[in-house]
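Structure record follows, encoded as structure tokens.
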Amino acid sequence: MELEDIVDKYRSAKLQVRALLLVFVGVLPALYVWTSQAETLDGLKLQAEGEVAEERGKFEGARQKVAELPVLLAKLSEIEDELTKAKQILPDKIEIDSILASLGNLEKELDVKLVKFTPGQEVQPNPQLEYKEIAIDLDLRASFPQTMRYLDRLVHMPNLTHIRNIQFSQPLSGGGNEAEGAEPVLLDSRAKLILFRGI
């Protein structure tokens, strides 16, 4: 059957038949797509729905984080304030001159003689912690109560300090028995003053 015969039959057919043919021809591509690609399109639809649900979850998570942002900013500000205070206690550098001046002032105030002041090397005792320490050997001469007051004031200095290895001995000269009205017995004492600094 040739194309001209088909066109002649179409022209000679009733109007209703022509309309049905046009509808049928118009539906054929959709029917073909539905039968041949339905499963693929259904899989794509399910995949798209899954992606939408995943993105919606991400969006809700981001919205929750945005809601928590003021609380986190307040916490960050609090931590920065604490860090500033900590830097005052644990300085970035140790100035031996100012430490020696503080010790000299305490020496005069408490009537203690600072016989020896020998700073040691800076060491980092624990590599996992971000601080270093310097040990300073101190030799003192004073009565026991005055020595203890002096050491107590040292550990309460504005900088973070610590006292280790305190040893007492009677001096070779200048100390007698303490009697009424007599001078108090002097002691020689040795200690390590530990100074800390942040890295």
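Going through the structure tokens in order, the chains are called A, B, and so on, while each chain numbers its residues from 1 and the ligands are numbered from 1 in the order shown.
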Test item: residues at most 10 Å from A:Glu107, only C-alpha atoms, excluding those fewer than 5 positions along its chain, as a list in words:
Ala101, Ser102, Val112, Lys113, Leu114, Leu140, Ala142, Gln146, Thr147 and Tyr150 of chain A
Preceding selection exported with N, CA and C atoms as an mmCIF file, in the first residue's frame:
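Final file, again36.cif:
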```cif
data_model
loop_
_atom_site.group_PDB
_atom_site.id
_atom_site.type_symbol
_atom_site.label_atom_id
_atom_site.label_comp_id
_atom_site.auth_asym_id
_atom_site.auth_seq_id
_atom_site.Cartn_x
_atom_site.Cartn_y
_atom_site.Cartn_z
ATOM 1 N N ALA A 101 63.704 41.399 90.534
ATOM 2 C CA ALA A 101 63.275 42.622 91.238
ATOM 3 C C ALA A 101 62.187 42.295 92.255
ATOM 4 N N SER A 102 61.239 41.420 91.868
ATOM 5 C CA SER A 102 60.178 41.016 92.803
ATOM 6 C C SER A 102 60.767 40.284 93.999
ATOM 7 N N VAL A 112 64.676 38.702 104.642
ATOM 8 C CA VAL A 112 65.271 37.437 104.209
ATOM 9 C C VAL A 112 66.452 37.785 103.311
ATOM 10 N N LYS A 113 67.540 37.072 103.484
ATOM 11 C CA LYS A 113 68.706 37.329 102.627
ATOM 12 C C LYS A 113 68.719 36.321 101.489
ATOM 13 N N LEU A 114 68.679 36.831 100.268
ATOM 14 C CA LEU A 114 68.776 35.991 99.070
ATOM 15 C C LEU A 114 70.256 35.829 98.756
ATOM 16 N N LEU A 140 68.624 30.826 100.482
ATOM 17 C CA LEU A 140 68.112 31.881 101.356
ATOM 18 C C LEU A 140 68.726 31.724 102.740
ATOM 19 N N ALA A 142 67.514 33.057 106.597
ATOM 20 C CA ALA A 142 66.573 33.791 107.450
ATOM 21 C C ALA A 142 66.076 32.834 108.518
ATOM 22 N N GLN A 146 60.267 33.423 108.766
ATOM 23 C CA GLN A 146 60.447 34.384 107.683
ATOM 24 C C GLN A 146 60.689 33.663 106.353
ATOM 25 N N THR A 147 61.444 32.569 106.396
ATOM 26 C CA THR A 147 61.691 31.790 105.182
ATOM 27 C C THR A 147 60.383 31.237 104.629
ATOM 28 N N TYR A 150 58.344 33.957 103.028
ATOM 29 C CA TYR A 150 58.963 34.303 101.751
ATOM 30 C C TYR A 150 58.563 33.299 100.663
#
```
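A straight line drawn from atom CA of A:Asn165 to atom CA of A:Arg190 is 7.5 Å long.
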Considering only alpha helix (DSSP H) as DSSP defines it on the backbone, what residues of chain A qualify? List them as a PyMOL selection string.
chain A and resi 3-12+15-89+96-110+144-155
Nearest to A:Asp188, chosen from A:Val71, A:Ala19, A:Met148, A:Leu154, with only C-alpha atoms counted in the distances:
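Closest candidate: A:Met148.
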Test item, strand (DSSP E) assignment across stretch 60-147 of chain A, answer as a PyMOL selection string:
chain A and resi 113-123+131-143
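Of note, atom CA of A:Thr161 and atom CA of A:Glu133 are spaced 9.4 Å apart.
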At a cut-off of 7 Å, using only C-alpha atoms, what residues contact A:Asp139? Leave out same-chain residues fewer than 4 positions from it and give the result as a PyMOL selection string.
chain A and resi 114-117+189-191
